[in-house]
$ cat query29.txt   # compact mmCIF, C-alpha atoms
# COMPACT_ATOMS: atom_id res chain seq x y z
CA MET Y 25 10.31 -14.83 33.00
CA ASN Y 26 7.81 -12.06 33.28
CA ARG Y 27 4.21 -13.15 33.62
CA SER Y 28 2.57 -10.07 32.10
CA GLU Y 29 4.94 -10.13 29.12
CA PHE Y 30 4.08 -13.79 28.62
CA HIS Y 31 0.36 -13.09 28.65
CA ARG Y 32 0.73 -10.11 26.36
CA GLY Y 33 2.57 -12.35 23.92
CA LEU Y 34 -0.01 -15.12 24.05
CA LYS Y 35 -2.86 -12.66 23.58
CA GLY Y 36 -1.25 -11.03 20.56
CA GLY Y 37 -0.31 -14.37 19.05
CA ILE Y 38 -3.78 -15.89 19.35
CA VAL Y 39 -5.25 -13.10 17.22
CA ILE Y 40 -2.76 -13.98 14.50
CA ALA Y 41 -3.33 -17.70 14.93
CA LEU Y 42 -7.05 -17.24 14.31
CA SER Y 43 -6.67 -14.99 11.28
CA SER Y 44 -4.08 -17.29 9.72
CA ALA Y 45 -5.99 -20.51 10.52
CA PRO Y 46 -7.87 -20.50 7.18
CA PHE Y 47 -4.53 -20.36 5.38
CA ALA Y 48 -3.16 -23.25 7.42
CA VAL Y 49 -6.27 -25.25 6.53
CA LEU Y 50 -5.82 -24.24 2.90
CA PHE Y 51 -2.21 -25.42 3.01
CA GLY Y 52 -3.23 -28.77 4.49
CA ALA Y 53 -5.92 -29.24 1.85
CA VAL Y 54 -3.57 -28.33 -1.02
CA ALA Y 55 -0.89 -30.60 0.42
CA ALA Y 56 -3.28 -33.54 0.55
CA ASP Y 57 -4.42 -32.72 -2.98
CA ASN Y 58 -0.82 -32.92 -4.18
CA GLY Y 59 -0.29 -36.31 -2.62
CA LEU Y 60 1.41 -35.43 0.66
CA SER Y 61 0.70 -37.58 3.70
CA VAL Y 62 -0.43 -36.13 7.03
CA ALA Y 63 3.08 -36.60 8.38
CA GLU Y 64 4.66 -34.82 5.42
CA ALA Y 65 2.27 -31.87 5.57
CA ALA Y 66 2.82 -31.59 9.33
CA LEU Y 67 6.59 -31.82 8.90
CA MET Y 68 6.50 -28.99 6.40
CA SER Y 69 4.40 -26.71 8.61
CA ALA Y 70 6.60 -27.57 11.59
CA THR Y 71 9.96 -26.94 9.92
CA VAL Y 72 9.39 -24.40 7.12
CA TYR Y 73 6.70 -22.48 9.01
CA ALA Y 74 6.11 -19.85 6.34
CA GLY Y 75 2.65 -19.91 4.78
CA ALA Y 76 3.04 -18.49 1.30
CA SER Y 77 6.25 -20.38 0.57
CA GLN Y 78 4.72 -23.65 1.78
CA LEU Y 79 1.91 -23.24 -0.73
CA VAL Y 80 4.30 -22.33 -3.52
CA GLY Y 81 6.53 -25.29 -2.71
CA ILE Y 82 3.61 -27.72 -2.72
CA GLU Y 83 2.21 -26.36 -5.98
CA LEU Y 84 5.54 -26.70 -7.74
CA PHE Y 85 6.10 -30.16 -6.29
CA GLY Y 86 2.68 -31.14 -7.63
CA HIS Y 87 3.73 -29.98 -11.08
CA HIS Y 88 6.83 -32.20 -10.89
CA VAL Y 89 9.23 -29.27 -11.03
CA ALA Y 90 12.89 -30.15 -10.37
CA PRO Y 91 13.62 -30.22 -6.59
CA TRP Y 92 16.34 -27.55 -6.76
CA LEU Y 93 13.88 -25.21 -8.45
CA VAL Y 94 11.32 -25.86 -5.71
CA ILE Y 95 13.91 -24.94 -3.08
CA LEU Y 96 14.99 -21.86 -5.01
CA SER Y 97 11.38 -20.70 -5.26
CA VAL Y 98 10.85 -21.21 -1.53
CA PHE Y 99 13.98 -19.15 -0.92
CA ALA Y 100 12.76 -16.40 -3.26
CA VAL Y 101 9.32 -16.20 -1.66
CA ASN Y 102 10.95 -15.96 1.77
CA PHE Y 103 13.56 -13.45 0.68
CA ARG Y 104 11.79 -10.64 2.54
CA HIS Y 105 12.84 -12.29 5.82
CA ILE Y 106 16.44 -11.22 5.14
CA LEU Y 107 15.23 -7.64 5.40
CA TYR Y 108 13.26 -8.53 8.53
CA SER Y 109 16.18 -10.03 10.41
CA ALA Y 110 18.43 -7.10 9.44
CA ALA Y 111 15.85 -4.58 10.66
CA LEU Y 112 15.20 -6.59 13.83
CA ALA Y 113 18.88 -6.74 14.81
CA LYS Y 114 18.93 -3.54 16.85
CA TYR Y 115 16.04 -4.67 19.06
CA ILE Y 116 17.31 -8.13 19.99
CA GLY Y 117 20.96 -7.49 20.79
CA HIS Y 118 20.33 -8.53 24.40
CA PHE Y 119 19.10 -12.04 23.49
CA THR Y 120 21.42 -14.99 24.15
CA PRO Y 121 22.61 -17.03 21.11
CA VAL Y 122 20.15 -19.82 21.90
CA GLN Y 123 17.33 -17.31 22.21
CA LYS Y 124 18.37 -15.82 18.88
CA PHE Y 125 18.25 -19.26 17.28
CA PHE Y 126 14.57 -19.61 18.19
CA THR Y 127 13.88 -15.96 17.48
CA PHE Y 128 14.85 -16.36 13.84
CA PHE Y 129 13.05 -19.66 13.47
CA LEU Y 130 9.79 -17.97 14.52
CA LEU Y 131 10.31 -14.79 12.48
CA THR Y 132 7.05 -14.45 10.51
CA ASP Y 133 5.42 -11.30 9.06
CA PRO Y 134 3.22 -10.53 12.09
CA GLN Y 135 5.95 -11.49 14.56
CA PHE Y 136 8.30 -9.06 12.87
CA ALA Y 137 5.77 -6.23 12.64
CA GLU Y 138 4.73 -6.53 16.29
CA SER Y 139 8.36 -6.68 17.45
CA VAL Y 140 9.29 -3.54 15.53
CA LYS Y 141 6.19 -1.78 16.87
CA THR Y 142 7.28 -2.60 20.42
CA GLY Y 143 10.87 -1.54 19.78
CA GLU Y 144 9.93 1.70 18.08
CA ALA Y 145 7.69 2.64 20.97
CA GLY Y 146 10.89 2.72 23.02
CA LYS Y 147 10.03 -0.49 24.88
CA THR Y 148 12.32 -3.48 25.22
CA VAL Y 149 11.48 -6.44 23.02
CA SER Y 150 11.63 -9.15 25.68
CA PHE Y 151 12.35 -12.75 24.77
CA THR Y 152 9.48 -13.82 27.02
CA TRP Y 153 7.00 -11.78 24.99
CA TYR Y 154 8.57 -12.91 21.72
CA ILE Y 155 8.51 -16.63 22.47
CA ALA Y 156 4.96 -16.49 23.88
CA PHE Y 157 3.75 -14.70 20.77
CA GLY Y 158 5.63 -17.13 18.55
CA MET Y 159 4.30 -20.25 20.24
CA ALA Y 160 0.74 -18.91 20.15
CA VAL Y 161 1.08 -18.68 16.36
CA TYR Y 162 3.25 -21.76 15.74
CA PHE Y 163 1.22 -24.52 17.38
CA PRO Y 164 -2.16 -23.45 15.95
CA TRP Y 165 -0.48 -23.19 12.52
CA LEU Y 166 0.68 -26.79 12.87
CA PHE Y 167 -2.69 -27.92 14.22
CA PHE Y 168 -4.76 -26.25 11.50
CA SER Y 169 -2.44 -27.57 8.78
CA ILE Y 170 -3.23 -31.10 9.96
CA VAL Y 171 -6.93 -30.22 10.18
CA GLY Y 172 -6.67 -29.05 6.57
CA VAL Y 173 -5.30 -32.39 5.37
CA TYR Y 174 -8.40 -34.18 6.74
CA PHE Y 175 -11.14 -31.61 6.39
CA GLY Y 176 -9.87 -29.20 3.76
CA LYS Y 177 -12.44 -30.20 1.23
CA MET Y 178 -15.33 -30.17 3.71
CA ILE Y 179 -14.87 -26.62 4.88
CA GLY Y 180 -15.91 -25.24 1.54
CA ASP Y 181 -15.58 -21.69 0.33
CA PRO Y 182 -13.97 -19.40 2.93
CA LYS Y 183 -15.71 -16.47 1.22
CA THR Y 184 -19.08 -17.41 2.69
CA PHE Y 185 -17.97 -16.34 6.14
CA ALA Y 186 -15.63 -13.64 4.84
CA ILE Y 187 -12.59 -15.40 6.31
CA ASP Y 188 -10.55 -14.52 3.24
CA VAL Y 189 -10.60 -10.77 4.02
CA LEU Y 190 -9.15 -11.13 7.52
CA LEU Y 191 -5.48 -11.48 6.63
CA PRO Y 192 -5.27 -8.56 4.16
CA ILE Y 193 -7.08 -6.38 6.70
CA TYR Y 194 -4.75 -7.51 9.44
CA PHE Y 195 -1.72 -6.60 7.30
CA LEU Y 196 -3.37 -3.28 6.42
CA GLY Y 197 -3.65 -2.56 10.14
CA LEU Y 198 0.05 -3.31 10.59
CA VAL Y 199 0.97 -0.96 7.74
CA MET Y 200 -1.19 1.80 9.23
CA GLY Y 201 0.54 1.35 12.55
CA PHE Y 202 3.68 2.82 10.97
CA ARG Y 203 1.95 5.86 9.44
CA ARG Y 204 3.59 8.40 11.76
CA LYS Y 205 7.11 7.35 10.81
CA PRO Y 206 9.13 9.72 8.62
CA GLY Y 207 8.98 8.75 4.96
CA PHE Y 208 5.91 6.57 5.45
CA TYR Y 209 3.81 7.83 2.53
CA PRO Y 210 6.48 7.83 -0.19
CA THR Y 211 7.58 4.34 0.93
CA VAL Y 212 4.09 2.89 0.97
CA ILE Y 213 3.07 4.46 -2.35
CA ALA Y 214 6.25 3.20 -4.03
CA SER Y 215 5.85 -0.24 -2.55
CA ALA Y 216 2.17 -0.38 -3.57
CA PHE Y 217 3.01 0.60 -7.16
CA GLY Y 218 5.91 -1.84 -7.31
CA SER Y 219 3.93 -4.75 -5.96
CA VAL Y 220 0.84 -4.17 -8.11
CA LEU Y 221 2.93 -3.76 -11.27
CA GLY Y 222 5.02 -6.77 -10.26
CA TYR Y 223 1.85 -8.78 -9.72
CA HIS Y 224 0.56 -7.95 -13.21
CA PHE Y 225 3.75 -8.19 -15.22
CA VAL Y 226 5.84 -10.77 -13.39
CA GLY Y 227 3.34 -12.63 -11.25
CA SER Y 228 2.93 -13.90 -7.72
CA PRO Y 229 4.95 -14.39 -5.50
CA TRP Y 230 7.65 -12.22 -7.08
CA HIS Y 231 5.56 -9.09 -6.55
CA VAL Y 232 6.42 -9.17 -2.84
CA SER Y 233 10.17 -8.90 -3.40
CA ILE Y 234 9.75 -6.40 -6.25
CA GLY Y 235 7.41 -4.14 -4.29
CA ALA Y 236 9.56 -4.32 -1.17
CA ALA Y 237 12.70 -3.48 -3.14
CA VAL Y 238 11.05 -0.45 -4.76
CA GLY Y 239 9.70 0.79 -1.41
CA VAL Y 240 13.00 0.35 0.44
CA LEU Y 241 14.93 1.97 -2.41
CA VAL Y 242 12.67 5.04 -2.36
CA ALA Y 243 13.06 5.26 1.42
CA ALA Y 244 16.85 5.14 1.05
CA LEU Y 245 16.79 7.97 -1.50
CA LEU Y 246 14.60 10.28 0.60
CA PRO Y 247 16.33 13.23 2.28
CA LEU Y 248 18.18 11.97 5.34
CA GLN Y 249 16.45 12.34 8.66
CA SER Y 250 18.97 14.04 10.90
CA THR Y 251 17.27 12.94 14.11
CA PRO Y 252 18.90 9.75 15.37
CA VAL Y 253 16.59 7.34 17.14
CA PRO Y 254 16.76 8.27 20.81
CA VAL Y 255 17.97 5.36 22.89
CA THR Y 256 16.06 5.85 26.10
CA ALA Y 257 17.37 4.65 29.40
CA ALA Y 258 14.29 2.45 29.69
CA SER Y 259 15.29 0.35 26.71
CA GLU Y 260 18.67 -0.42 28.20
CA VAL Y 261 17.49 -1.93 31.48
CA GLU Y 262 14.71 -4.44 32.23
CA SER Y 263 14.11 -7.98 30.91
CA MET P 9 -3.35 -39.64 3.12
CA GLY P 10 -1.40 -41.92 5.42
CA PHE P 11 1.24 -41.22 7.99
CA GLU P 12 4.25 -42.36 5.96
CA LEU P 13 7.19 -40.09 5.22
CA SER P 14 8.80 -40.69 1.83
CA THR P 15 12.55 -40.13 1.76
CA GLU P 16 12.35 -37.87 -1.27
CA MET P 17 9.65 -35.64 0.22
CA THR P 18 11.33 -35.48 3.62
CA LEU P 19 14.62 -34.34 2.08
CA LEU P 20 12.80 -31.74 0.00
CA ILE P 21 10.99 -30.39 3.05
CA ILE P 22 14.15 -30.24 5.15
CA ALA P 23 15.97 -28.42 2.33
CA ALA P 24 13.08 -25.94 2.07
CA ALA P 25 13.22 -25.46 5.84
CA ILE P 26 16.96 -24.75 5.74
CA ALA P 27 16.50 -22.30 2.85
CA THR P 28 13.80 -20.53 4.84
CA TYR P 29 15.89 -20.40 7.99
CA MET P 30 18.77 -18.90 6.01
CA THR P 31 16.53 -16.02 4.94
CA ARG P 32 15.40 -15.54 8.52
CA ILE P 33 18.88 -15.33 10.00
CA GLY P 34 20.74 -13.97 6.95
CA GLY P 35 19.95 -10.29 7.36
CA PHE P 36 20.95 -10.40 11.00
CA LEU P 37 24.28 -12.07 10.23
CA LEU P 38 25.04 -9.52 7.52
CA ILE P 39 24.11 -6.47 9.53
CA THR P 40 25.88 -7.48 12.74
CA ARG P 41 29.10 -8.04 10.82
CA MET P 42 29.16 -4.46 9.69
CA LYS P 43 31.13 -2.09 11.94
CA THR P 44 28.97 0.93 11.22
CA ILE P 45 25.70 1.19 9.38
CA PRO P 46 25.59 3.99 6.79
CA PRO P 47 22.75 6.45 7.47
CA ARG P 48 21.04 5.71 4.15
CA MET P 49 21.06 2.01 4.91
CA GLU P 50 19.66 2.71 8.37
CA GLN P 51 16.89 4.75 6.75
CA ALA P 52 16.20 1.96 4.26
CA LEU P 53 16.05 -0.63 7.06
CA ASN P 54 13.62 1.54 8.99
CA ALA P 55 11.32 1.48 5.97
CA VAL P 56 11.31 -2.32 5.72
CA PRO P 57 8.15 -3.00 7.74
CA ALA P 58 5.92 -0.56 5.85
CA ALA P 59 7.46 -1.44 2.47
CA VAL P 60 7.13 -5.22 2.78
CA LEU P 61 3.75 -5.31 4.48
CA THR P 62 2.35 -2.99 1.80
CA THR P 63 3.15 -5.62 -0.83
CA LEU P 64 0.88 -8.03 1.05
CA VAL P 65 -1.96 -5.48 1.02
CA ALA P 66 -1.90 -3.49 -2.23
CA PRO P 67 -2.28 -6.39 -4.72
CA ALA P 68 -4.99 -7.92 -2.51
CA PHE P 69 -6.88 -4.64 -2.79
CA PHE P 70 -6.41 -3.95 -6.50
CA THR P 71 -6.99 -7.48 -7.75
CA SER P 72 -10.14 -8.32 -5.82
CA GLY P 73 -13.79 -7.41 -6.27
CA TRP P 74 -15.79 -4.57 -4.77
CA ASP P 75 -16.69 -6.64 -1.71
CA VAL P 76 -13.06 -6.86 -0.61
CA LYS P 77 -12.29 -3.29 -1.68
CA ILE P 78 -15.18 -1.92 0.40
CA ALA P 79 -14.25 -4.13 3.36
CA MET P 80 -10.64 -2.93 3.28
CA LEU P 81 -11.63 0.74 2.93
CA ALA P 82 -14.08 0.38 5.81
CA ALA P 83 -11.39 -1.29 7.91
CA MET P 84 -8.97 1.51 7.08
CA LEU P 85 -11.42 4.16 8.28
CA VAL P 86 -12.07 2.22 11.50
CA GLY P 87 -8.33 1.73 11.92
CA LEU P 88 -7.67 5.47 11.92
CA ARG P 89 -9.38 5.66 15.31
CA TYR P 90 -9.57 2.21 16.83
CA PRO P 91 -7.12 -0.62 17.60
CA GLY P 92 -6.47 -3.67 15.42
CA LEU P 93 -9.13 -6.06 16.64
CA ILE P 94 -11.97 -3.54 16.19
CA MET P 95 -10.56 -2.71 12.79
CA LEU P 96 -10.61 -6.41 11.88
CA ALA P 97 -14.21 -6.69 13.07
CA GLY P 98 -15.23 -3.59 11.10
CA GLY P 99 -13.77 -4.96 7.88
CA TRP P 100 -15.33 -8.35 8.46
CA VAL P 101 -18.81 -6.87 9.04
CA ALA P 102 -18.43 -4.80 5.86
CA ALA P 103 -17.41 -7.89 3.85
CA MET P 104 -20.32 -9.95 5.23
CA ALA P 105 -22.76 -7.11 4.50
CA CYS P 106 -21.47 -6.75 0.94
CA ARG P 107 -21.75 -10.45 0.24
CA HIS P 108 -24.98 -11.36 2.00
CA LEU P 109 -27.04 -8.16 2.05
CA ILE P 110 -25.98 -6.30 -1.08
CA GLY P 111 -24.83 -9.31 -3.08
CA LEU P 112 -21.58 -7.82 -4.35

$ encode --input "query29.txt" --output "structure tokens"
Amino acid sequence: MNRSEFHRGLKGGIVIALSSAPFAVLFGAVAADNGLSVAEAALMSATVYAGASQLVGIELFGHHVAPWLVILSVFAVNFRHILYSAALAKYIGHFTPVQKFFTFFLLTDPQFAESVKTGEAGKTVSFTWYIAFGMAVYFPWLFFSIVGVYFGKMIGDPKTFAIDVLLPIYFLGLVMGFRRKPGFYPTVIASAFGSVLGYHFVGSPWHVSIGAAVGVLVAALLPLQSTPVPVTAASEVES
Amino acid sequence: MGFELSTEMTLLIIAAAIATYMTRIGGFLLITRMKTIPPRMEQALNAVPAAVLTTLVAPAFFTSGWDVKIAMLAAMLVGLRYPGLIMLAGGWVAAMACRHLIGL
């Protein structure tokens, strides 16, 4: 346990918890609208713990779609996490199996982005930081989902207080954080094109997988960077 | 809106949770079973964060109104110089100004 790592994790996580709170409330409200009980909505937030796919699952359930199709859709919306856990592998080799179990359970978009940012800066991704960050996002997500079941309809239009712009801006900030990496611009332009076209011609949420696939494919086809990532001595010790 | 858990819904939720967990651990299991990672694959994996996160940003920009577009552009300019929280605040102020002062 490292106290400063723990605090750094909590601090980072709380920012995410606040910007994702409106979406948790939205989920709770939609869940209640589709006939879920408080316990069911809470169970979903506690076990699935993936915003967009929770909303998709609830919507489809509300439309009486066959259960296997609901599950398949949840899997498809979350498909990007396969890429996340593959890309995260080189930073968490020092975690124990039990730590890895929790690590993957908590692997959300912001958790992934912040972990990679830490790892790429040559710093060790410590489990203490990771779990503190994860808990600071997880419990508020659960709490605000339950709030949404009760008060979803009372909160009104999130646009009035411009809460709806926070998450896209937050993700924009994460993207910009990678702008000095080799191949950044071709990747981002390809991914932007792919996702916007996917959004128009195929529809949400498929545009995420389509855009990501296009971006990653372009990155793979770029001229190879001959400089291997330097493994500094600092990243080997500590934690 | 009670506290009851129906069997059908509980099973559906647990199945969704397992499907989600499989995506979260799947890439790790695949990659750690490979002896060596080809350089092109390594390069592709390094592009994952920017590629995936862009798909959460670009459609939000292109499909929304001028209020959100201006807020995101303002945030981007702030983000070139300042850290995330200030960037978030800058975008939020721009969105509030667009909606309540200009009426976009």

$ residues_around --input "query29.txt" --residues "Cys106 in chain P" --least-positions-apart "5" --cutoff "10 Å" --atoms "all atoms listed in the file" --output "short mmCIF file (atom, residue, chain, number, x, y, z; two decimals) with C-alpha atoms, in the frame of the given file"
data_model
loop_
_atom_site.label_atom_id
_atom_site.label_comp_id
_atom_site.auth_asym_id
_atom_site.auth_seq_id
_atom_site.Cartn_x
_atom_site.Cartn_y
_atom_site.Cartn_z
CA ALA Y 186 -15.63 -13.64 4.84
CA TRP P 74 -15.79 -4.57 -4.77
CA ASP P 75 -16.69 -6.64 -1.71
CA VAL P 76 -13.06 -6.86 -0.61
CA ILE P 78 -15.18 -1.92 0.40
CA ALA P 79 -14.25 -4.13 3.36
CA TRP P 100 -15.33 -8.35 8.46
CA VAL P 101 -18.81 -6.87 9.04
CA GLY P 111 -24.83 -9.31 -3.08
CA LEU P 112 -21.58 -7.82 -4.35
#

$ closest_residue --input "query29.txt" --among "P:Leu37, P:Leu53, P:Leu85, P:Met95" --to "Gly117 in chain Y" --atoms "all atoms listed in the file"
P:Leu37

$ residues_near_point --input "query29.txt" --point "(10.0, -32.2, 4.7)" --cutoff "10 Å" --atoms "all atoms listed in the file" --output "PDB file with C-alpha atoms, in the frame of the given file"
ATOM      1  CA  ALA Y  63       3.080 -36.600   8.380  1.00  0.00           C
ATOM      2  CA  GLU Y  64       4.660 -34.820   5.420  1.00  0.00           C
ATOM      3  CA  ALA Y  65       2.270 -31.870   5.570  1.00  0.00           C
ATOM      4  CA  ALA Y  66       2.820 -31.590   9.330  1.00  0.00           C
ATOM      5  CA  LEU Y  67       6.590 -31.820   8.900  1.00  0.00           C
ATOM      6  CA  MET Y  68       6.500 -28.990   6.400  1.00  0.00           C
ATOM      7  CA  SER Y  69       4.400 -26.710   8.610  1.00  0.00           C
ATOM      8  CA  ALA Y  70       6.600 -27.570  11.590  1.00  0.00           C
ATOM      9  CA  THR Y  71       9.960 -26.940   9.920  1.00  0.00           C
ATOM     10  CA  VAL Y  72       9.390 -24.400   7.120  1.00  0.00           C
TER      11      VAL Y  72
ATOM     12  CA  LEU P  13       7.190 -40.090   5.220  1.00  0.00           C
ATOM     13  CA  SER P  14       8.800 -40.690   1.830  1.00  0.00           C
ATOM     14  CA  THR P  15      12.550 -40.130   1.760  1.00  0.00           C
ATOM     15  CA  GLU P  16      12.350 -37.870  -1.270  1.00  0.00           C
ATOM     16  CA  MET P  17       9.650 -35.640   0.220  1.00  0.00           C
ATOM     17  CA  THR P  18      11.330 -35.480   3.620  1.00  0.00           C
ATOM     18  CA  LEU P  19      14.620 -34.340   2.080  1.00  0.00           C
ATOM     19  CA  LEU P  20      12.800 -31.740   0.000  1.00  0.00           C
ATOM     20  CA  ILE P  21      10.990 -30.390   3.050  1.00  0.00           C
ATOM     21  CA  ILE P  22      14.150 -30.240   5.150  1.00  0.00           C
ATOM     22  CA  ALA P  23      15.970 -28.420   2.330  1.00  0.00           C
ATOM     23  CA  ALA P  24      13.080 -25.940   2.070  1.00  0.00           C
ATOM     24  CA  ALA P  25      13.220 -25.460   5.840  1.00  0.00           C
TER      25      ALA P  25
END

$ atom_distance --input "query29.txt" --atom1 "CA of Ala74 in chain Y" --atom2 "CA of Gly207 in chain Y"
28.8 Å

$ closest_residue --input "query29.txt" --among "Y:Trp230, Y:Leu34, Y:Arg204, Y:Ala216" --to "Ser97 in chain Y" --atoms "only C-alpha atoms"
Y:Trp230

$ atom_distance --input "query29.txt" --atom1 "CA of Pro91 in chain P" --atom2 "CA of Tyr209 in chain Y"
20.4 Å

$ interface_residues --input "query29.txt" --of "chain P" --to "chain Y" --cutoff "7 Å" --atoms "all atoms listed in the file" --output "ChimeraX atom specification"
/P:9-13,18,20-21,23-25,27-29,31-36,39,48-49,51-68,76,80,83,87,92,96,99-100,103-104
